[in-house]
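First comes the structure, then the notes that go with it.
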Amino acid sequence: MQLEATNRQIIKIAGPICLALIIPQINHITNTAFLGRLGEFELAANGIAGIYYLVMYMIAYGLNNGMQVLIARRAGQQQYAGIGQLFSNGIQVGTFFSLLAIFITLLAAPWFFSKSLHDHHIYQAAISFIRIRIWGLPFLMLLNMANAFYIGSGHSRVLAVTSMFQEIMNIFFDYVLIFGKLGFPAMGLNGAATASIIAEVTGCSVAFSILFIKRYHLEYSLFNYLRPSWVVIKSILNVSAPLIVQFLFSIGSWFVFFIFIEHLGERPLAVSNMLRSIFGFFGIFTWSLAAACNTMVSNIIGQGRPDQVFTIINKIVVISVGCATFVCVLVNLFPYTLLHIYTNNADLITAAIPSIRIITLSTILMSVAAVVMSGVLGTGNTRINLVTEIIAVIGYLFYCDVVIERMRSPLQWAWGADFIYWTIIFGISYWYLRSGRWKGKEI
């Protein structure tokens with residue numbers, strides 16, 4: 001429960017998280033590849049609809065990260081009852097937010113898409129997808145609460161098991177529902193939405209089953225505090241609410257980016273969806289290491305050893321940059337092979353190559369900035385993360401407006417927005433850590 005600032009400890013935490021993240025990305029690759037076989041239109045519509053759902057998922061992800069920080073801090077302090085209080089109240093908060101997100105989506109999403117998208121057919125397909133897909137959010141929220149417990153308490157290996165079951169179901173039902181196999185109707189894009197819901201129900205069921213099988217519910221008193229505690233809920237929201245807003249800003253800006261791309265035409269949108277899938281897969285190394293950084297920094301501070309924070313961050317950054325560099329070399333050596341996974345359209349593949357060159361460079365910058373920002377998150381001052389995100393998003397969207405909307409630049413220059421975003425993230429996060437203003441903060 002008390003972690004050490006060693007490379008072995010970093011890999012021990014990040015490895016299972018990485019494996020857990022790989023499996024959903026394999027599903028996304030499979031999903032995109034299946035839809036790519038239907039045509040450019042399905043790829044384009046899935047790009048917009050998928051990003052919208054990702055925006056809604058950021059509510060769960062923000063709560064997940066906040067809960068990780070709090071649970072890891074209690075683990076470092078060896079306050080096991082405190083972990084149970086956080087878990088029980090976190091489930092209640094997560095359920096409320098997921099139902100609120102469903103209500104907002106059903107009420108406002110059709111209006112928003114009608115005002116922002118130019119292609120009416122993409123609009124209809126995206127809305128049809130989202131009206132199905134959004135019902136998986138409560139199960140995804142509960143799964144994220146369980147994952148926050150597993151990571152924060154040092155049982156991250158469980159994530160690999162839950163993800164495996166989840167994605168086996170997802171890939172199977174993607175195949176049979178998109179194409180209409182084994183007697184199922186051919187649902188196309190909506191089949192992908194239905195398959196994802198089935199997978200999220202499965203992942204949630206497995207994650208909570210393991211809590212009882214391993215008797216974690218008894219060891220940590222996970223369900224002994226089902227009556228809401230406003231003190232604990234306030235603590236959760238104090239840490240998580242800025243993260244939720246931060247991630248909504250982050251992925252929301254990405255959603256706006258895809259809307260800008262839609263204005264360039266169906267092909268750039270289809271290409272961008274393929275690129276999102278490729279670099280979403282290879283970005284898992286950075287994000288798993290960032291999650292490990294978050295947990296380890298919080299745990300070490302909970303032990304009363306803040307002097308070890310920079311040691312942890314530096315070690316994780318070195319590993320992250322090494323992984324990102326290897327990935328960038330691999331992608332640039334075999335871009336055609338990777339793109340053939342999604343489509344056999346030679347023109348579509350050719351159109352994607354220049355953007356791949358740009359994104360691989362920004363991936364190296366991301367490998368440093370994401371870890372440093374997670375180091376800030378581990379200190380517990382999530383408000384500085386929010387301020388950092390807002391400033392970065394303003395710079396990002398300003399670039400998008402000028403380069404995409406006004407100049408109508410080629411797609412590869414549109415993806416150059418990532419350089420602006422990650423440069424700002426790194427600069428502010430590094431300044432805050434070096435300032436020492438995080439020392440002594442209680443959460």
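Letters A, B, ... mark the chains of the structure tokens in the order given; residue numbers begin at 1 per chain; ligand numbers begin at 1, in order shown.
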
Surrounding residues of Ile424 in chain A excluding itself and chain neighbours under 6 positions, 9 Å, only C-alpha atoms, as a list in words: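 Everything that qualifies: Ala369, Thr388, Glu389, Ile391, Ala392 and Gly395 of chain A.
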
Limited to C-alpha atoms, could you put the picked residues into a file as a PDB file, in the first residue's frame?
```
ATOM      1  CA  ALA A 369       3.607  17.003 -20.904  1.00  0.00           C
ATOM      2  CA  THR A 388      -3.859  24.963 -17.174  1.00  0.00           C
ATOM      3  CA  GLU A 389      -6.425  23.164 -19.317  1.00  0.00           C
ATOM      4  CA  ILE A 391      -5.456  28.263 -21.109  1.00  0.00           C
ATOM      5  CA  ALA A 392      -4.288  25.378 -23.319  1.00  0.00           C
ATOM      6  CA  GLY A 395      -4.678  28.485 -27.502  1.00  0.00           C
TER       7      GLY A 395
END
```

Residues within 8 Å of Val403 in chain A, please, as a PDB file with C-alpha atoms, in the first residue's frame. Count only C-alpha atoms; anything in the same chain fewer than 5 positions from it doesn't count.
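Wrote part-v6.pdb, looks like this:
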```pdb
ATOM      1  CA  ARG A 408      -8.770  26.307 -44.937  1.00  0.00           C
ATOM      2  CA  SER A 409      -5.302  24.768 -44.621  1.00  0.00           C
ATOM      3  CA  TRP A 413      -1.576  21.636 -40.601  1.00  0.00           C
ATOM      4  CA  ALA A 414      -4.859  21.283 -38.743  1.00  0.00           C
TER       5      ALA A 414
END
```

Exercise: Phe165 in chain A partners within 12 Å, only C-alpha atoms, chain neighbours under 2 positions left out, as a PDB file with C-alpha atoms, in the first residue's frame:
```pdb
ATOM      1  CA  ALA A  20      -6.218  -2.572 -19.584  1.00  0.00           C
ATOM      2  CA  ILE A  23      -7.756  -3.899 -24.939  1.00  0.00           C
ATOM      3  CA  PRO A  24     -10.321  -1.056 -25.389  1.00  0.00           C
ATOM      4  CA  ASN A  27     -11.799  -2.747 -29.761  1.00  0.00           C
ATOM      5  CA  VAL A 158      -7.566  -6.534 -11.978  1.00  0.00           C
ATOM      6  CA  LEU A 159      -8.079  -3.965 -14.755  1.00  0.00           C
ATOM      7  CA  ALA A 160      -6.612  -6.351 -17.310  1.00  0.00           C
ATOM      8  CA  VAL A 161      -9.173  -9.039 -16.418  1.00  0.00           C
ATOM      9  CA  THR A 162     -12.199  -6.739 -16.589  1.00  0.00           C
ATOM     10  CA  SER A 163     -11.005  -5.195 -19.852  1.00  0.00           C
ATOM     11  CA  GLU A 167     -13.591  -6.269 -25.160  1.00  0.00           C
ATOM     12  CA  ILE A 168     -14.222  -9.889 -26.128  1.00  0.00           C
ATOM     13  CA  MET A 169     -17.921  -9.069 -25.929  1.00  0.00           C
ATOM     14  CA  ASN A 170     -17.431  -5.792 -27.774  1.00  0.00           C
ATOM     15  CA  ILE A 171     -15.528  -7.248 -30.703  1.00  0.00           C
ATOM     16  CA  PHE A 172     -17.912 -10.200 -31.030  1.00  0.00           C
ATOM     17  CA  ILE A 198     -23.243  -4.801 -24.068  1.00  0.00           C
ATOM     18  CA  ALA A 199     -19.490  -4.606 -23.449  1.00  0.00           C
ATOM     19  CA  GLU A 200     -19.823  -1.899 -20.770  1.00  0.00           C
ATOM     20  CA  VAL A 201     -22.441  -3.930 -18.910  1.00  0.00           C
ATOM     21  CA  THR A 202     -20.080  -6.916 -19.045  1.00  0.00           C
ATOM     22  CA  GLY A 203     -17.045  -4.946 -17.825  1.00  0.00           C
ATOM     23  CA  CYS A 204     -19.019  -3.431 -14.949  1.00  0.00           C
ATOM     24  CA  SER A 205     -20.365  -6.843 -13.911  1.00  0.00           C
ATOM     25  CA  VAL A 206     -16.911  -8.451 -13.910  1.00  0.00           C
ATOM     26  CA  ALA A 207     -15.284  -5.566 -12.002  1.00  0.00           C
TER      27      ALA A 207
END
```

task: Choose the residue, out of A:Ile48, A:Ile197, A:Ser153, A:Gly62, that has the smallest atom-to-atom separation from Ile127 in chain A; count only C-alpha atoms.
output: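 For Ile127 in chain A, the nearest of the candidates is A:Ile48.
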
message: Residues within 10 Å of Met366 in chain A, please, as a PyMOL selection string. Count only C-alpha atoms; anything in the same chain fewer than 5 positions from it doesn't count.
response: chain A and resi 283+286-287+320-321+324+360-361+371-372+418-419+421-423+425-426

Requested write-out: C-alpha atoms of the selected residues, as a compact mmCIF listing (two decimals), in the first residue's frame:
```txt
# COMPACT_ATOMS: atom_id res chain seq x y z
CA GLY A 283 -0.86 6.76 -26.80
CA THR A 286 1.93 7.58 -22.18
CA TRP A 287 -1.49 7.53 -20.50
CA SER A 320 7.47 7.69 -21.41
CA VAL A 321 9.73 9.47 -23.91
CA ALA A 324 6.88 7.42 -27.54
CA THR A 360 4.08 11.47 -34.50
CA LEU A 361 6.15 14.53 -33.57
CA VAL A 371 3.22 12.86 -17.26
CA VAL A 372 4.21 16.25 -15.80
CA ASP A 418 -1.56 19.55 -30.82
CA PHE A 419 1.81 21.32 -30.57
CA TYR A 421 -1.90 22.46 -26.69
CA TRP A 422 0.89 20.30 -25.24
CA THR A 423 3.42 23.14 -25.11
CA ILE A 425 0.25 22.14 -20.74
CA PHE A 426 3.91 21.38 -20.12
```

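Minimum atom-to-atom distance to Gly76 in chain A, evaluated using only C-alpha atoms, belongs to A:Asn299 out of A:Ser277, A:Ser196, A:Asn299, A:Gln246.
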
- prompt: So which residues of range 111-302 of chain A fall under helix (DSSP H, G or I) by DSSP, listed as number ranges by chain?
  reply: A: 111-116, 120-152, 158-179, 189-213, 216-219, 230-264, 266-282, 284-302

I need the residues from that last selection saved to file as a compact mmCIF listing (two decimals), in the first residue's frame (with C-alpha atoms), if you can.
```
# COMPACT_ATOMS: atom_id res chain seq x y z
CA TRP A 111 -30.10 20.83 -31.43
CA PHE A 112 -26.34 21.23 -31.05
CA PHE A 113 -25.50 18.90 -33.94
CA SER A 114 -28.06 20.55 -36.21
CA LYS A 115 -26.38 23.93 -35.63
CA SER A 116 -22.77 22.78 -35.96
CA HIS A 120 -27.30 16.50 -43.00
CA HIS A 121 -26.64 12.78 -43.55
CA ILE A 122 -23.74 12.77 -41.08
CA TYR A 123 -25.98 14.66 -38.63
CA GLN A 124 -28.74 12.02 -38.84
CA ALA A 125 -26.31 9.10 -38.49
CA ALA A 126 -24.51 10.69 -35.53
CA ILE A 127 -27.72 11.43 -33.63
CA SER A 128 -29.04 7.91 -34.22
CA PHE A 129 -25.76 6.48 -32.86
CA ILE A 130 -25.66 8.72 -29.78
CA ARG A 131 -29.29 8.05 -28.79
CA ILE A 132 -28.32 4.38 -28.42
CA ARG A 133 -24.77 4.76 -27.15
CA ILE A 134 -25.50 7.13 -24.27
CA TRP A 135 -27.37 4.41 -22.31
CA GLY A 136 -24.09 2.66 -21.60
CA LEU A 137 -22.81 5.61 -19.57
CA PRO A 138 -24.11 4.53 -16.10
CA PHE A 139 -22.36 1.15 -16.44
CA LEU A 140 -19.19 2.84 -17.67
CA MET A 141 -19.36 5.22 -14.70
CA LEU A 142 -19.62 2.35 -12.21
CA LEU A 143 -16.77 0.54 -13.97
CA ASN A 144 -14.61 3.66 -13.60
CA MET A 145 -15.36 3.85 -9.87
CA ALA A 146 -14.24 0.24 -9.47
CA ASN A 147 -11.11 0.91 -11.54
CA ALA A 148 -10.28 3.95 -9.38
CA PHE A 149 -10.36 1.68 -6.34
CA TYR A 150 -8.18 -0.98 -7.99
CA ILE A 151 -5.54 1.52 -9.15
CA GLY A 152 -5.54 3.72 -6.05
CA VAL A 158 -7.57 -6.53 -11.98
CA LEU A 159 -8.08 -3.97 -14.75
CA ALA A 160 -6.61 -6.35 -17.31
CA VAL A 161 -9.17 -9.04 -16.42
CA THR A 162 -12.20 -6.74 -16.59
CA SER A 163 -11.01 -5.20 -19.85
CA MET A 164 -10.45 -8.60 -21.43
CA PHE A 165 -14.02 -9.74 -20.76
CA GLN A 166 -15.38 -6.36 -21.84
CA GLU A 167 -13.59 -6.27 -25.16
CA ILE A 168 -14.22 -9.89 -26.13
CA MET A 169 -17.92 -9.07 -25.93
CA ASN A 170 -17.43 -5.79 -27.77
CA ILE A 171 -15.53 -7.25 -30.70
CA PHE A 172 -17.91 -10.20 -31.03
CA PHE A 173 -21.06 -8.07 -31.06
CA ASP A 174 -19.41 -5.44 -33.27
CA TYR A 175 -18.95 -8.12 -35.91
CA VAL A 176 -22.39 -9.71 -35.69
CA LEU A 177 -24.40 -6.49 -35.30
CA ILE A 178 -22.57 -4.25 -37.78
CA PHE A 179 -22.66 -6.81 -40.60
CA LEU A 189 -23.20 2.20 -37.26
CA ASN A 190 -25.96 1.56 -34.70
CA GLY A 191 -24.68 -1.99 -34.31
CA ALA A 192 -21.38 -0.58 -33.05
CA ALA A 193 -23.29 1.51 -30.47
CA THR A 194 -25.29 -1.50 -29.25
CA ALA A 195 -22.18 -3.69 -29.03
CA SER A 196 -20.44 -1.07 -26.89
CA ILE A 197 -23.32 -1.00 -24.39
CA ILE A 198 -23.24 -4.80 -24.07
CA ALA A 199 -19.49 -4.61 -23.45
CA GLU A 200 -19.82 -1.90 -20.77
CA VAL A 201 -22.44 -3.93 -18.91
CA THR A 202 -20.08 -6.92 -19.04
CA GLY A 203 -17.05 -4.95 -17.83
CA CYS A 204 -19.02 -3.43 -14.95
CA SER A 205 -20.36 -6.84 -13.91
CA VAL A 206 -16.91 -8.45 -13.91
CA ALA A 207 -15.28 -5.57 -12.00
CA PHE A 208 -17.84 -5.71 -9.18
CA SER A 209 -17.84 -9.50 -9.12
CA ILE A 210 -14.09 -9.47 -8.43
CA LEU A 211 -14.65 -7.09 -5.50
CA PHE A 212 -16.70 -9.81 -3.84
CA ILE A 213 -14.68 -12.82 -5.03
CA TYR A 216 -12.09 -6.54 -1.07
CA HIS A 217 -15.55 -5.37 -0.01
CA LEU A 218 -14.78 -6.70 3.49
CA GLU A 219 -11.11 -5.72 3.67
CA TRP A 230 -21.91 15.17 2.56
CA VAL A 231 -18.47 15.67 4.07
CA VAL A 232 -17.03 12.83 1.94
CA ILE A 233 -19.01 13.88 -1.14
CA LYS A 234 -17.67 17.43 -0.72
CA SER A 235 -14.13 16.02 -0.51
CA ILE A 236 -14.68 13.99 -3.69
CA LEU A 237 -16.11 16.98 -5.56
CA ASN A 238 -13.38 19.33 -4.32
CA VAL A 239 -10.81 17.13 -6.04
CA SER A 240 -12.88 15.70 -8.91
CA ALA A 241 -15.04 18.64 -10.05
CA PRO A 242 -12.10 20.67 -11.43
CA LEU A 243 -10.91 17.49 -13.19
CA ILE A 244 -14.34 16.88 -14.73
CA VAL A 245 -14.44 20.43 -16.05
CA GLN A 246 -10.81 20.11 -17.16
CA PHE A 247 -11.43 16.92 -19.14
CA LEU A 248 -14.67 18.32 -20.58
CA PHE A 249 -12.64 21.27 -21.82
CA SER A 250 -9.91 18.97 -23.14
CA ILE A 251 -12.06 16.51 -25.07
CA GLY A 252 -14.65 19.18 -25.81
CA SER A 253 -11.97 21.08 -27.69
CA TRP A 254 -11.17 17.89 -29.58
CA PHE A 255 -14.88 17.59 -30.42
CA VAL A 256 -14.85 21.15 -31.75
CA PHE A 257 -11.71 20.25 -33.71
CA PHE A 258 -13.61 17.41 -35.41
CA ILE A 259 -16.46 19.79 -36.20
CA PHE A 260 -13.93 22.10 -37.87
CA ILE A 261 -12.62 19.08 -39.80
CA GLU A 262 -16.19 18.18 -40.87
CA HIS A 263 -16.39 21.62 -42.47
CA LEU A 264 -13.43 20.61 -44.68
CA GLU A 266 -16.23 13.97 -45.56
CA ARG A 267 -12.76 12.67 -46.53
CA PRO A 268 -10.73 14.75 -44.01
CA LEU A 269 -13.19 13.65 -41.31
CA ALA A 270 -12.81 9.97 -42.30
CA VAL A 271 -9.00 10.33 -42.31
CA SER A 272 -9.05 12.02 -38.89
CA ASN A 273 -11.12 9.19 -37.41
CA MET A 274 -8.52 6.66 -38.60
CA LEU A 275 -5.71 8.77 -37.14
CA ARG A 276 -7.56 9.08 -33.83
CA SER A 277 -7.77 5.30 -33.67
CA ILE A 278 -4.09 4.74 -34.49
CA PHE A 279 -2.70 7.26 -32.06
CA GLY A 280 -5.27 6.43 -29.43
CA PHE A 281 -3.77 2.93 -29.47
CA PHE A 282 -0.14 4.02 -29.34
CA ILE A 284 -1.75 4.17 -24.15
CA PHE A 285 1.89 3.90 -23.10
CA THR A 286 1.93 7.58 -22.18
CA TRP A 287 -1.49 7.53 -20.50
CA SER A 288 -0.75 4.42 -18.43
CA LEU A 289 2.50 5.97 -17.22
CA ALA A 290 0.65 9.23 -16.49
CA ALA A 291 -1.90 7.30 -14.40
CA ALA A 292 0.95 5.62 -12.52
CA CYS A 293 2.51 9.05 -11.91
CA ASN A 294 -0.76 10.37 -10.50
CA THR A 295 -1.08 7.46 -8.05
CA MET A 296 2.59 7.32 -7.01
CA VAL A 297 2.92 11.07 -6.37
CA SER A 298 -0.21 11.08 -4.21
CA ASN A 299 0.88 7.96 -2.33
CA ILE A 300 4.40 9.29 -1.66
CA ILE A 301 3.01 12.61 -0.36
CA GLY A 302 0.62 10.63 1.85
```

query: If you count only C-alpha atoms, which residues fall within 12 Å of Gly436 in chain A, apart from same-chain ones fewer than 2 positions away, as JSON, numbers by chain?
result: {"A": [306, 307, 309, 310, 376, 379, 381, 429, 430, 431, 432, 433, 434, 438, 439, 440, 441]}
